[in-house]
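Data block for target13.csv (CSV, N, CA and C atoms):
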```
chain,number,residue,atom,x,y,z
A,134,MET,N,47.6,13.0,70.2
A,134,MET,CA,46.3,13.3,69.5
A,134,MET,C,46.4,13.1,68.0
A,135,LYS,N,47.5,13.7,67.4
A,135,LYS,CA,47.7,13.6,66.0
A,135,LYS,C,47.9,12.1,65.5
A,136,LYS,N,48.6,11.3,66.3
A,136,LYS,CA,48.8,9.9,66.0
A,136,LYS,C,47.4,9.2,65.9
A,137,ASN,N,46.6,9.4,66.9
A,137,ASN,CA,45.3,8.7,66.9
A,137,ASN,C,44.4,9.1,65.7
A,138,PHE,N,44.5,10.4,65.3
A,138,PHE,CA,43.7,10.8,64.2
A,138,PHE,C,44.2,10.2,62.9
A,139,GLU,N,45.5,10.2,62.7
A,139,GLU,CA,46.1,9.6,61.5
A,139,GLU,C,45.8,8.1,61.4
A,140,LEU,N,45.9,7.4,62.5
A,140,LEU,CA,45.5,6.0,62.5
A,140,LEU,C,44.0,5.8,62.2
A,141,PHE,N,43.2,6.7,62.8
A,141,PHE,CA,41.7,6.6,62.5
A,141,PHE,C,41.4,6.8,61.0
A,142,LYS,N,42.1,7.7,60.4
A,142,LYS,CA,41.9,8.0,58.9
A,142,LYS,C,42.3,6.8,58.1
A,143,LEU,N,43.5,6.2,58.5
A,143,LEU,CA,44.0,5.0,57.8
A,143,LEU,C,43.0,3.8,57.9
A,144,LYS,N,42.6,3.6,59.2
A,144,LYS,CA,41.7,2.4,59.4
A,144,LYS,C,40.4,2.6,58.6
A,145,ASN,N,39.8,3.8,58.5
A,145,ASN,CA,38.6,4.1,57.8
A,145,ASN,C,38.9,3.8,56.3
A,146,ALA,N,40.0,4.2,55.8
A,146,ALA,CA,40.3,4.0,54.3
A,146,ALA,C,40.5,2.5,54.1
A,147,ILE,N,41.1,1.8,55.0
A,147,ILE,CA,41.2,0.3,54.8
A,147,ILE,C,39.9,-0.4,54.9
A,148,LYS,N,39.0,0.1,55.8
A,148,LYS,CA,37.7,-0.5,56.0
A,148,LYS,C,36.9,-0.3,54.7
A,149,LYS,N,37.0,0.8,54.0
A,149,LYS,CA,36.3,1.0,52.8
A,149,LYS,C,36.9,0.4,51.6
A,150,ASN,N,38.3,0.4,51.4
A,150,ASN,CA,38.9,0.0,50.2
A,150,ASN,C,39.9,-1.1,50.4
A,151,GLY,N,40.2,-1.5,51.6
A,151,GLY,CA,41.3,-2.5,51.8
A,151,GLY,C,40.8,-3.9,51.6
A,152,LYS,N,41.8,-4.8,51.7
A,152,LYS,CA,41.7,-6.2,51.5
A,152,LYS,C,42.4,-6.9,52.6
A,153,GLU,N,41.9,-8.1,53.0
A,153,GLU,CA,42.7,-9.0,53.9
A,153,GLU,C,43.7,-9.7,53.1
A,154,LEU,N,45.0,-9.6,53.5
A,154,LEU,CA,46.1,-10.2,52.8
A,154,LEU,C,46.8,-11.2,53.7
A,155,VAL,N,47.0,-12.4,53.2
A,155,VAL,CA,47.6,-13.5,54.0
A,155,VAL,C,49.1,-13.4,53.7
A,156,VAL,N,49.9,-13.3,54.8
A,156,VAL,CA,51.3,-13.3,54.8
A,156,VAL,C,51.8,-14.7,55.0
A,157,LYS,N,52.7,-15.1,54.1
A,157,LYS,CA,53.2,-16.5,54.2
A,157,LYS,C,54.7,-16.5,54.3
A,158,ARG,N,55.3,-17.5,54.9
A,158,ARG,CA,56.7,-17.7,55.1
A,158,ARG,C,57.1,-19.0,54.6
A,159,VAL,N,58.3,-19.1,54.0
A,159,VAL,CA,58.8,-20.4,53.5
A,159,VAL,C,59.1,-21.3,54.7
A,160,LYS,N,58.6,-22.6,54.6
A,160,LYS,CA,58.9,-23.5,55.6
A,160,LYS,C,60.3,-24.0,55.5
A,161,LYS,N,60.9,-24.4,56.7
A,161,LYS,CA,62.2,-24.9,56.7
A,161,LYS,C,62.2,-26.4,57.2
A,162,ASN,N,63.1,-27.2,56.7
A,162,ASN,CA,63.1,-28.6,57.2
A,162,ASN,C,64.0,-28.6,58.5
A,163,GLU,N,64.2,-29.9,58.9
A,163,GLU,CA,64.9,-30.0,60.2
A,163,GLU,C,66.4,-29.6,60.2
A,164,PHE,N,66.9,-29.4,59.0
A,164,PHE,CA,68.3,-28.9,58.8
A,164,PHE,C,68.4,-27.4,58.6
A,165,GLY,N,67.2,-26.7,58.6
A,165,GLY,CA,67.2,-25.3,58.5
A,165,GLY,C,67.2,-24.8,57.0
A,166,GLU,N,67.0,-25.8,56.1
A,166,GLU,CA,67.0,-25.5,54.7
A,166,GLU,C,65.6,-25.1,54.3
A,167,GLU,N,65.5,-24.2,53.3
A,167,GLU,CA,64.1,-23.8,52.9
A,167,GLU,C,63.5,-24.8,52.0
A,168,THR,N,62.2,-25.1,52.1
A,168,THR,CA,61.5,-26.0,51.3
A,168,THR,C,60.7,-25.2,50.3
A,169,GLU,N,59.9,-25.9,49.5
A,169,GLU,CA,59.0,-25.2,48.5
A,169,GLU,C,57.6,-25.0,49.0
A,170,GLU,N,57.4,-25.2,50.3
A,170,GLU,CA,56.1,-25.1,50.9
A,170,GLU,C,56.1,-23.8,51.8
A,171,TYR,N,54.9,-23.2,51.9
A,171,TYR,CA,54.7,-22.0,52.7
A,171,TYR,C,53.8,-22.3,53.9
A,172,THR,N,54.0,-21.5,55.0
A,172,THR,CA,53.2,-21.6,56.1
A,172,THR,C,52.6,-20.2,56.4
A,173,ASP,N,51.3,-20.1,56.8
A,173,ASP,CA,50.7,-18.8,57.0
A,173,ASP,C,51.3,-18.2,58.3
A,174,VAL,N,51.6,-16.9,58.2
A,174,VAL,CA,52.2,-16.2,59.4
A,174,VAL,C,51.1,-15.4,60.1
A,175,CYS,N,50.4,-14.5,59.3
A,175,CYS,CA,49.4,-13.7,59.8
A,175,CYS,C,48.5,-13.1,58.7
A,176,ILE,N,47.5,-12.5,59.1
A,176,ILE,CA,46.6,-11.8,58.1
A,176,ILE,C,46.6,-10.3,58.4
A,177,ILE,N,46.9,-9.5,57.4
A,177,ILE,CA,46.9,-8.1,57.6
A,177,ILE,C,45.9,-7.5,56.7
A,178,LYS,N,45.3,-6.4,57.1
A,178,LYS,CA,44.4,-5.6,56.2
A,178,LYS,C,45.1,-4.4,55.7
A,179,GLY,N,45.1,-4.3,54.4
A,179,GLY,CA,45.9,-3.2,53.8
A,179,GLY,C,45.3,-2.7,52.5
A,180,ILE,N,45.9,-1.7,52.0
A,180,ILE,CA,45.5,-1.2,50.6
A,180,ILE,C,46.7,-1.3,49.7
A,181,TYR,N,46.4,-2.1,48.6
A,181,TYR,CA,47.5,-2.2,47.6
A,181,TYR,C,47.6,-1.0,46.8
A,182,HIS,N,48.8,-0.5,46.5
A,182,HIS,CA,49.0,0.6,45.6
A,182,HIS,C,50.3,0.5,44.9
A,183,GLU,N,50.5,1.3,43.9
A,183,GLU,CA,51.8,1.3,43.2
A,183,GLU,C,52.4,2.7,43.2
A,184,VAL,N,53.7,2.8,43.3
A,184,VAL,CA,54.4,4.1,43.2
A,184,VAL,C,55.3,4.0,42.0
A,185,ASN,N,55.6,5.2,41.4
A,185,ASN,CA,56.5,5.3,40.3
A,185,ASN,C,57.9,5.4,40.8
A,186,SER,N,58.8,4.6,40.2
A,186,SER,CA,60.2,4.7,40.5
A,186,SER,C,60.9,4.9,39.1
A,187,TYR,N,61.9,5.7,39.1
A,187,TYR,CA,62.6,6.0,37.9
A,187,TYR,C,64.0,5.4,37.8
A,188,LEU,N,64.3,4.8,36.7
A,188,LEU,CA,65.6,4.2,36.5
A,188,LEU,C,66.4,5.0,35.5
A,189,GLN,N,67.6,5.3,35.8
A,189,GLN,CA,68.4,6.2,34.9
A,189,GLN,C,69.5,5.3,34.2
A,190,LYS,N,69.6,5.5,32.9
A,190,LYS,CA,70.5,4.9,32.1
A,190,LYS,C,71.4,5.9,31.4
A,191,ASN,N,72.7,5.9,31.6
A,191,ASN,CA,73.5,6.9,31.0
A,191,ASN,C,74.0,6.5,29.6
A,192,THR,N,73.9,7.3,28.7
A,192,THR,CA,74.4,7.0,27.3
A,192,THR,C,75.3,8.2,26.9
A,193,LYS,N,75.9,8.1,25.7
A,193,LYS,CA,76.8,9.1,25.2
A,193,LYS,C,76.0,10.4,25.0
A,194,GLU,N,74.8,10.4,24.6
A,194,GLU,CA,74.0,11.6,24.3
A,194,GLU,C,73.4,12.2,25.5
A,195,GLY,N,73.3,11.5,26.6
A,195,GLY,CA,72.7,12.0,27.8
A,195,GLY,C,72.2,10.8,28.7
A,196,ALA,N,71.3,11.2,29.5
A,196,ALA,CA,70.7,10.1,30.4
A,196,ALA,C,69.2,9.8,29.9
A,197,ASN,N,68.9,8.6,29.9
A,197,ASN,CA,67.5,8.1,29.6
A,197,ASN,C,66.9,7.7,30.9
A,198,TYR,N,65.7,8.1,31.1
A,198,TYR,CA,64.9,7.7,32.3
A,198,TYR,C,63.8,6.8,32.0
A,199,THR,N,63.7,5.7,32.7
A,199,THR,CA,62.6,4.8,32.5
A,199,THR,C,61.7,4.8,33.7
A,200,GLN,N,60.4,4.8,33.5
A,200,GLN,CA,59.5,4.7,34.6
A,200,GLN,C,59.1,3.3,34.9
A,201,LYS,N,59.1,2.9,36.2
A,201,LYS,CA,58.8,1.6,36.5
A,201,LYS,C,57.8,1.6,37.7
A,202,LYS,N,56.8,0.8,37.7
A,202,LYS,CA,55.8,0.8,38.8
A,202,LYS,C,56.3,-0.2,39.9
A,203,LYS,N,56.2,0.3,41.1
A,203,LYS,CA,56.7,-0.6,42.3
A,203,LYS,C,55.4,-0.9,43.1
A,204,PRO,N,55.1,-2.2,43.3
A,204,PRO,CA,53.9,-2.5,44.1
A,204,PRO,C,54.2,-2.3,45.6
A,205,MET,N,53.2,-1.9,46.4
A,205,MET,CA,53.3,-1.6,47.8
A,205,MET,C,52.0,-1.9,48.5
A,206,VAL,N,52.0,-2.1,49.8
A,206,VAL,CA,50.8,-2.2,50.6
A,206,VAL,C,50.9,-1.3,51.8
A,207,LEU,N,49.8,-0.5,52.0
A,207,LEU,CA,49.7,0.4,53.1
A,207,LEU,C,48.9,-0.2,54.2
A,208,SER,N,49.4,-0.2,55.4
A,208,SER,CA,48.7,-0.9,56.5
A,208,SER,C,49.1,-0.3,57.8
A,209,PRO,N,48.3,-0.5,58.9
A,209,PRO,CA,48.6,0.0,60.2
A,209,PRO,C,49.9,-0.6,60.7
A,210,TYR,N,50.8,0.1,61.2
A,210,TYR,CA,52.2,-0.4,61.6
A,210,TYR,C,52.1,-1.5,62.6
A,211,ILE,N,51.1,-1.3,63.6
A,211,ILE,CA,51.0,-2.3,64.6
A,211,ILE,C,50.6,-3.7,64.1
A,212,ASP,N,49.9,-3.7,63.0
A,212,ASP,CA,49.5,-5.0,62.4
A,212,ASP,C,50.6,-5.7,61.7
A,213,CYS,N,51.7,-5.0,61.4
A,213,CYS,CA,52.8,-5.6,60.6
A,213,CYS,C,53.9,-6.1,61.5
A,214,SER,N,53.7,-6.3,62.8
A,214,SER,CA,54.8,-6.6,63.7
A,214,SER,C,55.4,-8.0,63.4
A,215,GLU,N,54.6,-8.9,62.8
A,215,GLU,CA,55.0,-10.3,62.5
A,215,GLU,C,55.6,-10.4,61.1
A,216,VAL,N,55.4,-9.4,60.2
A,216,VAL,CA,55.9,-9.5,58.9
A,216,VAL,C,57.4,-9.2,58.8
A,217,LEU,N,58.1,-10.0,58.1
A,217,LEU,CA,59.5,-9.9,57.9
A,217,LEU,C,59.9,-9.7,56.5
A,218,SER,N,61.0,-9.2,56.2
A,218,SER,CA,61.5,-9.1,54.9
A,218,SER,C,61.8,-10.5,54.4
A,219,GLY,N,61.3,-10.8,53.2
A,219,GLY,CA,61.5,-12.2,52.6
A,219,GLY,C,60.2,-12.9,52.7
A,220,ASP,N,59.2,-12.5,53.5
A,220,ASP,CA,57.9,-13.1,53.5
A,220,ASP,C,57.2,-12.9,52.2
A,221,VAL,N,56.1,-13.7,52.0
A,221,VAL,CA,55.4,-13.6,50.7
A,221,VAL,C,53.9,-13.3,51.0
A,222,ILE,N,53.4,-12.4,50.1
A,222,ILE,CA,52.0,-12.0,50.2
A,222,ILE,C,51.3,-12.3,48.9
A,223,GLU,N,50.1,-12.9,49.0
A,223,GLU,CA,49.4,-13.2,47.7
A,223,GLU,C,48.3,-12.2,47.5
A,224,ILE,N,48.3,-11.5,46.4
A,224,ILE,CA,47.4,-10.5,46.0
A,224,ILE,C,46.9,-10.8,44.6
A,225,SER,N,45.6,-11.1,44.5
A,225,SER,CA,44.9,-11.3,43.2
A,225,SER,C,45.6,-12.4,42.4
A,226,ASP,N,45.9,-13.6,43.1
A,226,ASP,CA,46.5,-14.8,42.5
A,226,ASP,C,47.9,-14.5,42.0
A,227,LYS,N,48.6,-13.5,42.5
A,227,LYS,CA,50.0,-13.3,42.2
A,227,LYS,C,50.7,-13.3,43.6
A,228,LEU,N,51.9,-13.8,43.6
A,228,LEU,CA,52.8,-13.8,44.8
A,228,LEU,C,53.7,-12.7,44.7
A,229,PHE,N,53.9,-11.9,45.8
A,229,PHE,CA,54.8,-10.8,46.0
A,229,PHE,C,55.7,-11.1,47.2
A,230,LYS,N,57.0,-10.8,47.0
A,230,LYS,CA,57.9,-11.0,48.1
A,230,LYS,C,58.1,-9.6,48.8
A,231,VAL,N,58.1,-9.7,50.1
A,231,VAL,CA,58.3,-8.5,50.9
A,231,VAL,C,59.7,-8.1,50.9
A,232,THR,N,60.1,-6.9,50.4
A,232,THR,CA,61.5,-6.5,50.3
A,232,THR,C,61.8,-5.5,51.5
A,233,GLU,N,60.8,-4.7,52.0
A,233,GLU,CA,61.1,-3.8,53.0
A,233,GLU,C,59.8,-3.3,53.7
A,234,ILE,N,59.9,-3.1,55.0
A,234,ILE,CA,58.7,-2.5,55.7
A,234,ILE,C,59.1,-1.1,56.2
A,235,ASN,N,58.5,-0.1,55.6
A,235,ASN,CA,58.8,1.3,55.9
A,235,ASN,C,57.9,1.8,57.0
A,236,ASN,N,58.5,2.4,58.0
A,236,ASN,CA,57.8,3.0,59.1
A,236,ASN,C,57.6,4.5,58.7
A,237,MET,N,56.4,4.8,58.1
A,237,MET,CA,56.2,6.2,57.6
A,237,MET,C,56.4,7.2,58.7
A,238,GLY,N,57.3,8.2,58.5
A,238,GLY,CA,57.5,9.2,59.5
A,238,GLY,C,58.1,8.8,60.8
A,239,GLN,N,58.5,7.6,60.9
A,239,GLN,CA,59.1,7.0,62.1
A,239,GLN,C,58.2,7.2,63.3
A,240,GLU,N,56.9,7.2,63.1
A,240,GLU,CA,56.0,7.4,64.2
A,240,GLU,C,55.2,6.2,64.7
A,241,ASP,N,55.5,5.0,64.1
A,241,ASP,CA,54.8,3.8,64.4
A,241,ASP,C,53.3,3.8,64.2
A,242,ILE,N,52.9,4.6,63.1
A,242,ILE,CA,51.4,4.7,62.8
A,242,ILE,C,51.1,3.9,61.6
A,243,ILE,N,51.8,4.2,60.5
A,243,ILE,CA,51.6,3.6,59.2
A,243,ILE,C,52.8,2.9,58.7
A,244,ALA,N,52.6,1.7,58.1
A,244,ALA,CA,53.6,0.9,57.5
A,244,ALA,C,53.3,0.8,56.0
A,245,ASP,N,54.4,1.1,55.2
A,245,ASP,CA,54.3,1.0,53.7
A,245,ASP,C,55.2,-0.2,53.4
A,246,ILE,N,54.6,-1.3,53.0
A,246,ILE,CA,55.4,-2.5,52.7
A,246,ILE,C,55.7,-2.5,51.2
A,247,SER,N,57.1,-2.5,50.9
A,247,SER,CA,57.5,-2.6,49.6
A,247,SER,C,57.5,-4.1,49.1
A,248,LEU,N,57.0,-4.3,47.9
A,248,LEU,CA,56.9,-5.7,47.4
A,248,LEU,C,57.7,-5.8,46.1
A,249,GLU,N,57.9,-7.1,45.7
A,249,GLU,CA,58.6,-7.4,44.5
A,249,GLU,C,57.8,-8.6,43.9
A,250,VAL,N,57.5,-8.6,42.6
A,250,VAL,CA,56.8,-9.7,42.0
A,250,VAL,C,57.7,-10.9,41.9
A,251,MET,N,57.1,-12.0,42.3
A,251,MET,CA,57.9,-13.3,42.2
A,251,MET,C,57.7,-13.9,40.8
A,252,TRP,N,58.5,-13.6,39.9
A,252,TRP,CA,58.4,-14.0,38.5
A,252,TRP,C,58.4,-15.5,38.3
A,253,CYS,N,59.2,-16.2,39.1
A,253,CYS,CA,59.4,-17.7,39.0
A,253,CYS,C,58.0,-18.3,39.3
A,254,TYR,N,57.2,-17.8,40.2
A,254,TYR,CA,55.9,-18.3,40.5
A,254,TYR,C,55.0,-18.1,39.4
A,255,ILE,N,55.0,-16.9,38.8
A,255,ILE,CA,54.1,-16.6,37.6
A,255,ILE,C,54.4,-17.5,36.5
A,256,ILE,N,55.7,-17.8,36.2
A,256,ILE,CA,56.0,-18.7,35.0
A,256,ILE,C,55.6,-20.1,35.3
A,257,GLN,N,55.8,-20.6,36.5
A,257,GLN,CA,55.3,-21.9,36.9
A,257,GLN,C,53.8,-22.0,36.8
A,258,TYR,N,53.1,-20.9,37.2
A,258,TYR,CA,51.7,-20.9,37.3
A,258,TYR,C,51.1,-20.9,35.9
A,259,MET,N,51.7,-20.3,34.9
A,259,MET,CA,51.2,-20.2,33.6
A,259,MET,C,51.5,-21.4,32.7
A,260,CYS,N,52.5,-22.2,33.1
A,260,CYS,CA,52.9,-23.3,32.3
A,260,CYS,C,52.1,-24.5,32.6
```

Would it be possible to restate this file's structure as structure tokens?
Amino acid sequence: MKKNFELFKLKNAIKKNGKELVVKRVKKNEFGEETEEYTDVCIIKGIYHEVNSYLQKNTKEGANYTQKKKPMVLSPYIDCSEVLSGDVIEISDKLFKVTEINNMGQEDIIADISLEVMWCYIIQYMC
């Protein structure tokens, strides 16, 4: 009962605020080497959000903490079955690499997909 209610709440939030995101994967040639082209894997509906992560740097006087934003996508776990670590998601004309798919609470209800900005793409896009 609890699982169905949590999934219902997530789907309503995605219906109101979510976006359809295209998941892409790098194509491979006949030798199994990665090319510069992408193929569409699936479309997931999710909510983009950022979480704070803290980096610690030790110095002689003490420790310095730096706050860094980490991009993520919240989506129903069942919709993320085809998404793999290393896939690429395009959000607002920026490419993000999937680093990890977190099964929230280990209950197969909600997936929180950790992303990493692909800087090489942004530099090529701006030049």

- Select, from A:Phe164, A:Ile176, A:Glu183, A:Tyr210, the residue with the minimum atom-to-atom distance to Met237 (chain A), counting all atoms listed in the file.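 Residue with the minimum atom-to-atom distance to Met237 (chain A): A:Tyr210.
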
Can you write out as JSON lines which residues of region 190-209 of chain A fall within 10 Å of region 225-234 of chain A, alongside each residue's closest atom pair and its distance in Å to one decimal, counting only C-alpha atoms and ordering rows by chain and ascending residue number?
```
{"residue": "A:Pro204", "atom": "CA", "partner": "A:Phe229", "partner_atom": "CA", "distance": 8.6}
{"residue": "A:Met205", "atom": "CA", "partner": "A:Val231", "partner_atom": "CA", "distance": 9.1}
{"residue": "A:Val206", "atom": "CA", "partner": "A:Ile234", "partner_atom": "CA", "distance": 9.4}
{"residue": "A:Leu207", "atom": "CA", "partner": "A:Ile234", "partner_atom": "CA", "distance": 9.8}
```

- Write out as a count of residues only each polymer residue whose atoms come within 8 Å of Lys178 (chain A), counting only C-alpha atoms; drop sequence neighbours fewer than 2 positions from it. 8

- Atomic separation - atom C of Lys157 (chain A) relative to atom C of Glu170 (chain A), Å: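 Distance reported for this atom pair: 7.8 Å.
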
- Message: I need the residues of region 210-249 of chain A that end up classed as strand (DSSP E) by DSSP on the backbone, written out as a PyMOL selection string.
- Response: chain A and resi 221-224+227-236+243-249

- Quote the spacing between CA of Asp220 (chain A) and CA of Val156 (chain A) in Å to one decimal place.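 Between CA of Asp220 (chain A) and CA of Val156 (chain A) the gap is 6.7 Å.
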
- Item | Straight-line distance linking CA of Val159 (chain A) with CA of Gly179 (chain A), stated in Å to one decimal |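 CA of Val159 (chain A) sits 21.5 Å away from CA of Gly179 (chain A).
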
- Message: as a PyMOL selection string, please: every residue in chain A that DSSP puts in helix (DSSP H, G or I).
- Response: chain A and resi 135-150+210-213+237-239+252-259
